[in-house]
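Have a look at the structure below, then the notes.
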Amino acid sequence: MLGKLIGYETKAFGRIMVPLYIAMLAFALFTGLSIRFVPEDIMQGLPGVLIGMLYGVLMMAIIIMTCVLSVTRFYKNLLGQEGYLMFSLPTDTATLIVSKVISVLIWTGFSTIVAFMAIALSALGAGGIEAFRELLHFFRHPEILQHLSQISGVLILTVLMIIAGTAASIVRIYAGIAIGHQFNDHRILFSIVALIAFNIIGTIWSTLLSTFGFYTGVFESLSRIFEADTVQGICIAQTGMIGVLLFQVALFGILTWVLLDRRLNLE
Amino acid sequence: MGWNFNDNTPIYLQIINGLQREIASGAYPPGSRLASVRELALEAGVNPNTMQRALAELERQGLVNSQRTAGRFVTEDTAALSALRRSMSDEIIADFFRSMQSLGLSNEEILSLVQDWVLEHSKEEH
Amino acid sequence: MSMLECTALSKNYGSVEALRSIDLTLESGRIVGLVGPNGSGKTTLIKLAQHLLTPTSGMITIDGMIPGPQTKAIVSYLPDRDFLPQWMNLDELMTFYHDFFPDFNPAKAADMLDTLGVSGRQPLGKMSKGTREKVQLIFTMSREAKVYLLDEPIAGVDPATRDYILRTILSNYSENALVLISTHLITDVEPILDEVVFLQKGTIELHENADALRERTGKSIDGYFREVYRCWGN
């Protein structure tokens with residue numbers, strides 16, 4: 001059921017995102033080619049400015065649409081009129097929520113990849129195949145490779161941290177929306193209030209923790225581990241961060257689940 | 001949708017009456033196969049359970065036979081059919097007489113009026 | 001066999017009591033009218049049966065189970081609003097229903113959509129309100145479910161559409177299923193009901209066989225309730 005739900009989310013996201021991706025990639029290539037073939041004096045004039053602006057607008061559109069869809073797919077599909085259908089599927093509330101979170105992660109990933117591909121494509125267009133070859137050559141350099149392999153653990157953990165961070169922020173938004181949804185009017189307003197409250201509570205909590213850490217000397221002993229500035233130290237810190245983020249995912253996830261499963265209030 | 005029902009009698013009684021009329025008039029000829037309960041219910045625009053109940057009553061009255069696999073058939077028993085026609089026409093006549101009597105006519109007057117009416121209209125027909 | 005059962009079922013919205021300790025048993029193979037004025041608790045009861053709401057106290061079961069994924073697999077629910085994704089076209093909806101509801105009969109749906117004369121490529125959002133309502137009913141009735149929960153299926157429709165809807169319900173519900181139709185328009189559904197449950201201010205005023213009620217009161221169900229409403233001052 002989870003797979004089917006994600007597949008259906010993919011359709012809903014893809015309907016809007018895929019055309020944007022195609023436009024972005026095509027335009028990135030066009031930008032690169034114009035940098036290469038159009039005389040410089042023209043590119044420095046209005047056409048160049050327009051191309052640059054459109055490039056930026058498309059990039060922003062992808063980022064904004066990814067964020068907007070991440071929120072509206074939850075808000076409209078589960079808590080709007082379509083909620084009557086979604087909550088009538090023979091599945092449980094947790095599966096519905098998890099499918100939304102995973103879909104957001106997948107499409108955030110796609111959007112990131114497309115953004116990088118767009119930059120690569122425009123570079124390829126501007127510099128031709130030569131530029132690409134040089135880039136590859138750079139990465140093949142033995143020293144670089146060695147460095148990369150040394151910090152591969154850090155890289156992988158960074159990626160995991162970004163994923164956990166994205167998940168934590170999206171689930172937090174879902175929890176905020178779920179709270180706003182408890183009210184019969186001004187739901188969006190109350191959702192925003194809930195999110196602000198989360199932030200305030202989070203700040204108070206971390207202030208308390210750091211004060212506690214400072215006075216009890218926990219920080220000092222922790223910092224001794226990192227002082228060595230070894231890759232291992234960084235890895236430990238990152239793993240800790242991932243742990244904290246996953247805890248947030250669980251906390252806000254459970255809050256969302258309770259509100260949607262026990263206190264659903266469809267319009 | 002379907003048949004028209006009046007408000008104050010149970011629907012299954014009205015269905016029974018309706019089906020009896022169809023059988024008496026020969027709209028459903030003797031020995032003919034009736035549609036399935038569901039189809040009949042749909043045609044009348046009623047609940048299949050109600051139709052089932054009406055058909056069971058018709059079976060009990062011997063107007064319809066049910067054969068387990070083949071479905072339901074209108075009876076070929078001519079005696080039962082004429083008894084049905086008889087009882088239905090009795091009802092109509094009784095109604096008619098009640099209405100005429102309410103106009104202050106005696107039975108004899110009514111009968112002679114009926115005779116006149118028949119004579120007049122048979123002339124028209126020829 | 002009892003298919004839907006409520007035991008001392010109550011639901012409050014804040015301080016408002018929408019349902020007050022209801023006891024109700026509905027058998028399979030029946031078409032039941034859930035009637036009563038607006039705000040009497042009809043929709044609340046249906047939502048509780050579908051786990052869109054949770055009881056404040058008491059219990060509701062479907063086929064012996066607390067509402068959840070297992071009951072949703074055997075319940076086909078028609079809410080009183082546009083609940084299908086408006087951006088989907090009919091072909092996509094067919095795939096959706098086929099994917100998520102194991103009891104969905106695509107041939108039946110295709111057949112009815114064909115008769116209705118709508119094309120598979122058309123998105124739901126582009127159809128007229130009347131057509132959309134028919135499409136929603138077609139999808140609901142194309143499931144071979146054990147329970148159909150139909151919330152106000154004939155509210156605000158013209159007589160021809162009403163006939164279409166009632167006919168579609170009658171000719172498609174699976175045998176031995178329980179069909180629960182909520183409505184405040186009793187006359188229109190009267191001939192197709194086995195039983196009638198009358199809700200008033202969150203309590204069941206009456207639960208009786210439809211024909212028995214007509215026989216007992218010598219009135220149509222609608223006529224009877226009109227009279228009773230007046231007594232209760234609505």
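Residues in the structure tokens are numbered from 1 in each chain, the chains being A, B, ... in the order shown, and ligands are numbered from 1 in the order shown.
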
**OP:** Write out as an MDAnalysis selection string each polymer residue whose atoms come within 9 Å of Asn49 in chain B, counting only C-alpha atoms; drop sequence neighbours fewer than 5 positions from it.
**Re:** (chainID B and resid 37:38 41 54) or (chainID C and resid 29:31 194)

Got time to write the residues from that selection, all heavy atoms, as a tab-separated table (two decimals), in the first residue's frame?
chain	number	residue	atom	x	y	z
B	37	VAL	N	-36.08	-11.02	-9.73
B	37	VAL	CA	-36.54	-10.11	-8.68
B	37	VAL	C	-35.88	-8.75	-8.84
B	37	VAL	O	-36.51	-7.71	-8.76
B	37	VAL	CB	-36.21	-10.69	-7.29
B	37	VAL	CG1	-36.53	-9.67	-6.21
B	37	VAL	CG2	-36.99	-11.96	-7.05
B	38	ARG	N	-34.57	-8.80	-9.08
B	38	ARG	CA	-33.82	-7.56	-9.19
B	38	ARG	C	-34.32	-6.70	-10.36
B	38	ARG	O	-34.52	-5.50	-10.23
B	38	ARG	CB	-32.34	-7.87	-9.37
B	38	ARG	CG	-31.47	-6.84	-8.68
B	38	ARG	CD	-30.06	-7.29	-8.63
B	38	ARG	NE	-29.59	-7.17	-7.25
B	38	ARG	CZ	-28.66	-6.29	-6.86
B	38	ARG	NH1	-28.06	-5.53	-7.75
B	38	ARG	NH2	-28.30	-6.20	-5.62
B	41	ALA	N	-37.71	-5.35	-9.55
B	41	ALA	CA	-37.58	-4.30	-8.54
B	41	ALA	C	-37.12	-3.00	-9.18
B	41	ALA	O	-37.62	-1.92	-8.89
B	41	ALA	CB	-36.60	-4.73	-7.45
B	54	ALA	N	-43.60	-9.46	-2.34
B	54	ALA	CA	-44.81	-9.42	-3.16
B	54	ALA	C	-44.92	-10.70	-3.99
B	54	ALA	O	-46.00	-11.31	-4.10
B	54	ALA	CB	-44.78	-8.19	-4.07
C	29	GLY	N	-27.90	-7.08	3.71
C	29	GLY	CA	-28.98	-7.36	2.77
C	29	GLY	C	-30.13	-6.37	2.84
C	29	GLY	O	-31.20	-6.64	2.31
C	30	ARG	N	-29.92	-5.24	3.52
C	30	ARG	CA	-31.00	-4.27	3.66
C	30	ARG	C	-30.59	-2.92	3.08
C	30	ARG	O	-29.42	-2.57	3.09
C	30	ARG	CB	-31.34	-4.04	5.13
C	30	ARG	CG	-31.63	-5.28	5.92
C	30	ARG	CD	-33.00	-5.83	5.58
C	30	ARG	NE	-33.19	-7.15	6.16
C	30	ARG	CZ	-33.58	-7.36	7.41
C	30	ARG	NH1	-33.82	-6.34	8.18
C	30	ARG	NH2	-33.73	-8.57	7.88
C	31	ILE	N	-31.60	-2.21	2.61
C	31	ILE	CA	-31.40	-0.82	2.25
C	31	ILE	C	-32.06	0.01	3.34
C	31	ILE	O	-33.27	-0.11	3.58
C	31	ILE	CB	-32.01	-0.48	0.88
C	31	ILE	CG1	-31.40	-1.37	-0.21
C	31	ILE	CG2	-31.79	0.99	0.54
C	31	ILE	CD1	-31.93	-1.11	-1.59
C	194	ASP	N	-35.86	-0.66	2.91
C	194	ASP	CA	-36.36	-1.76	3.74
C	194	ASP	C	-36.71	-1.25	5.11
C	194	ASP	O	-37.71	-1.63	5.70
C	194	ASP	CB	-35.24	-2.79	3.97
C	194	ASP	CG	-35.07	-3.71	2.81
C	194	ASP	OD1	-36.04	-4.37	2.44
C	194	ASP	OD2	-33.95	-3.76	2.27

Would you give me, as CSV, each residue of chain C having an atom within 12 Å of an atom of chain B, along with its shortest atom pair and that distance in Å to one decimal, using only C-alpha atoms and sorting by chain and residue number?
residue,atom,partner,partner_atom,distance
C:Ser28,CA,B:Asn49,CA,11.9
C:Gly29,CA,B:Asn49,CA,8.5
C:Arg30,CA,B:Asn49,CA,7.8
C:Ile31,CA,B:Asn47,CA,7.4
C:Val32,CA,B:Asn47,CA,10.2
C:Gly33,CA,B:Asn47,CA,11.6
C:Pro159,CA,B:Met1,CA,8.8
C:Ala160,CA,B:Met1,CA,8.5
C:Thr161,CA,B:Met1,CA,10.4
C:Arg162,CA,B:Met1,CA,8.6
C:Asp163,CA,B:Met1,CA,5.5
C:Tyr164,CA,B:Met1,CA,8.6
C:Ile165,CA,B:Met1,CA,10.4
C:Leu166,CA,B:Gly45,CA,8.0
C:Arg167,CA,B:Leu42,CA,6.7
C:Thr168,CA,B:Leu42,CA,9.4
C:Ile169,CA,B:Leu42,CA,9.8
C:Leu170,CA,B:Leu42,CA,6.6
C:Ser171,CA,B:Leu42,CA,6.6
C:Asn172,CA,B:Arg38,CA,9.9
C:Tyr173,CA,B:Arg38,CA,10.7
C:Ser174,CA,B:Arg38,CA,11.2
C:Glu175,CA,B:Pro48,CA,9.7
C:Asn176,CA,B:Asn49,CA,10.7
C:Val179,CA,B:Asn47,CA,11.0
C:Thr187,CA,B:Asp7,CA,9.4
C:Asp188,CA,B:Met1,CA,9.3
C:Val189,CA,B:Val46,CA,9.0
C:Glu190,CA,B:Val46,CA,8.5
C:Pro191,CA,B:Val46,CA,4.9
C:Ile192,CA,B:Asn47,CA,4.2
C:Leu193,CA,B:Asn47,CA,6.0
C:Asp194,CA,B:Asn47,CA,6.7
C:Glu195,CA,B:Asn47,CA,10.3
C:Asn209,CA,B:Pro10,CA,10.6
C:Ala210,CA,B:Pro10,CA,8.2
C:Asp211,CA,B:Pro10,CA,4.9
C:Ala212,CA,B:Pro10,CA,7.2
C:Leu213,CA,B:Pro10,CA,8.2
C:Arg214,CA,B:Pro10,CA,5.4
C:Glu215,CA,B:Pro10,CA,5.6
C:Arg216,CA,B:Pro10,CA,9.2
C:Thr217,CA,B:Asn8,CA,8.2
C:Gly218,CA,B:Asn8,CA,4.9
C:Lys219,CA,B:Asn8,CA,4.3
C:Ser220,CA,B:Asp7,CA,4.6
C:Ile221,CA,B:Asp7,CA,8.2
C:Asp222,CA,B:Asp7,CA,8.7
C:Gly223,CA,B:Asp7,CA,7.9
C:Tyr224,CA,B:Asn8,CA,9.8

Original post:
Which of these residues is nearest to chain A, using only C-alpha atoms: C:Gln136, C:Gln122, C:Val16, C:Gly58?
Top reply: C:Gln136

Original post:
Which one of C:Thr43, C:Asn12, C:Asn38, C:Thr54 sits closest to chain A if you count only C-alpha atoms?
Top reply: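 Ranking C:Thr43, C:Asn12, C:Asn38, C:Thr54 by distance to chain A, first place goes to C:Thr54.
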
Original post:
Residues of chain C within 7 Å of chain A, using only C-alpha atoms, as a PyMOL selection string?
Top reply: chain C and resi 50+52-54+68-70+72-73+79+82-85+100

**OP:** Calculate how many Å separate CA of Thr216 in chain A from CA of Gly243 in chain A, rounding to one decimal.
**Re:** 21.9 Å

**OP:** Using DSSP on the backbone coordinates, identify the residues of chain B assigned to strand (DSSP E or B); present them as a list in words.
**Re:**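 Matching residues for strand (DSSP E or B) in chain B are Arg33, Val64, Asn65, Ser66, Gln67, Gly71, Arg72, Phe73 and Val74 of chain B.
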
Export, as a short mmCIF file (atom, residue, chain, number, x, y, z; two decimals), in the first residue's frame, the selected residues with all heavy atoms.
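The resulting selection-v9.cif:
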data_model
loop_
_atom_site.label_atom_id
_atom_site.label_comp_id
_atom_site.auth_asym_id
_atom_site.auth_seq_id
_atom_site.Cartn_x
_atom_site.Cartn_y
_atom_site.Cartn_z
N ARG B 33 -42.45 -16.38 -18.52
CA ARG B 33 -41.44 -16.30 -17.47
C ARG B 33 -41.34 -14.85 -16.99
O ARG B 33 -41.29 -13.93 -17.80
CB ARG B 33 -40.11 -16.75 -18.06
CG ARG B 33 -39.01 -16.91 -17.03
CD ARG B 33 -37.77 -17.49 -17.70
NE ARG B 33 -36.66 -17.40 -16.77
CZ ARG B 33 -35.94 -16.31 -16.58
NH1 ARG B 33 -36.22 -15.22 -17.26
NH2 ARG B 33 -34.95 -16.29 -15.70
N VAL B 64 -48.35 -17.48 -9.40
CA VAL B 64 -47.00 -17.57 -9.92
C VAL B 64 -46.37 -18.85 -9.38
O VAL B 64 -46.59 -19.21 -8.23
CB VAL B 64 -46.19 -16.33 -9.45
CG1 VAL B 64 -44.71 -16.55 -9.58
CG2 VAL B 64 -46.61 -15.09 -10.22
N ASN B 65 -45.65 -19.57 -10.24
CA ASN B 65 -44.92 -20.75 -9.78
C ASN B 65 -43.44 -20.46 -9.85
O ASN B 65 -42.97 -19.87 -10.82
CB ASN B 65 -45.17 -21.95 -10.69
CG ASN B 65 -46.65 -22.20 -10.86
OD1 ASN B 65 -47.39 -22.15 -9.87
ND2 ASN B 65 -47.06 -22.42 -12.09
N SER B 66 -42.73 -20.92 -8.83
CA SER B 66 -41.29 -20.72 -8.92
C SER B 66 -40.63 -22.06 -9.16
O SER B 66 -40.97 -23.06 -8.54
CB SER B 66 -40.82 -20.05 -7.64
OG SER B 66 -39.77 -20.74 -7.09
N GLN B 67 -39.76 -22.09 -10.17
CA GLN B 67 -38.99 -23.31 -10.44
C GLN B 67 -37.54 -22.99 -10.11
O GLN B 67 -36.97 -22.06 -10.66
CB GLN B 67 -39.15 -23.74 -11.89
CG GLN B 67 -40.47 -24.47 -12.11
CD GLN B 67 -41.00 -24.36 -13.50
OE1 GLN B 67 -40.21 -24.20 -14.43
NE2 GLN B 67 -42.30 -24.43 -13.66
N GLY B 71 -36.53 -20.00 -12.76
CA GLY B 71 -37.11 -18.70 -12.43
C GLY B 71 -38.58 -18.81 -12.09
O GLY B 71 -39.07 -19.88 -11.71
N ARG B 72 -39.28 -17.70 -12.25
CA ARG B 72 -40.70 -17.68 -11.89
C ARG B 72 -41.55 -17.58 -13.15
O ARG B 72 -41.23 -16.87 -14.09
CB ARG B 72 -40.99 -16.46 -11.03
CG ARG B 72 -40.58 -16.65 -9.61
CD ARG B 72 -41.21 -15.56 -8.74
NE ARG B 72 -40.79 -15.77 -7.36
CZ ARG B 72 -39.57 -15.52 -6.92
NH1 ARG B 72 -38.66 -15.03 -7.75
NH2 ARG B 72 -39.26 -15.76 -5.67
N PHE B 73 -42.69 -18.32 -13.16
CA PHE B 73 -43.59 -18.33 -14.32
C PHE B 73 -45.00 -17.99 -13.88
O PHE B 73 -45.41 -18.35 -12.77
CB PHE B 73 -43.59 -19.72 -14.98
CG PHE B 73 -42.25 -20.08 -15.56
CD1 PHE B 73 -41.27 -20.65 -14.76
CD2 PHE B 73 -41.96 -19.81 -16.89
CE1 PHE B 73 -40.02 -20.95 -15.28
CE2 PHE B 73 -40.72 -20.12 -17.41
CZ PHE B 73 -39.74 -20.69 -16.61
N VAL B 74 -45.74 -17.33 -14.77
CA VAL B 74 -47.15 -17.07 -14.51
C VAL B 74 -47.88 -18.40 -14.63
O VAL B 74 -47.57 -19.21 -15.50
CB VAL B 74 -47.71 -16.05 -15.53
CG1 VAL B 74 -49.19 -15.84 -15.32
CG2 VAL B 74 -46.95 -14.75 -15.42
#

Original post:
Which residues, written as a PyMOL selection string, have at least one atom at most 10 Å from Ile62 in chain C, with only C-alpha atoms counted and residues fewer than 6 positions away on the same chain left out?
Top reply: chain C and resi 2-6+26+49-50+68+70-72+74-75+146-147

Subject >> Distance of CA of His51 in chain C from CA of Ala168 in chain A, expressed in Å to one decimal place >> reply: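 So the answer is 27.7 Å.
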
**OP:** Using only C-alpha atoms, pick whichever of A:Ile196, A:Val104, A:Val218, A:Ala126 has the shortest atom-to-atom distance to Ile163 in chain A.
**Re:**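 Smallest separation from Ile163 in chain A among the options: A:Val104.
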
**OP:** Find the residue from B:Glu76, B:Asp116, B:Glu108, B:Glu59 that sits nearest to Tyr28 in chain B; use only C-alpha atoms when measuring.
**Re:**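 Going through B:Glu76, B:Asp116, B:Glu108, B:Glu59 one by one, the smallest distance to Tyr28 in chain B is for B:Glu76.
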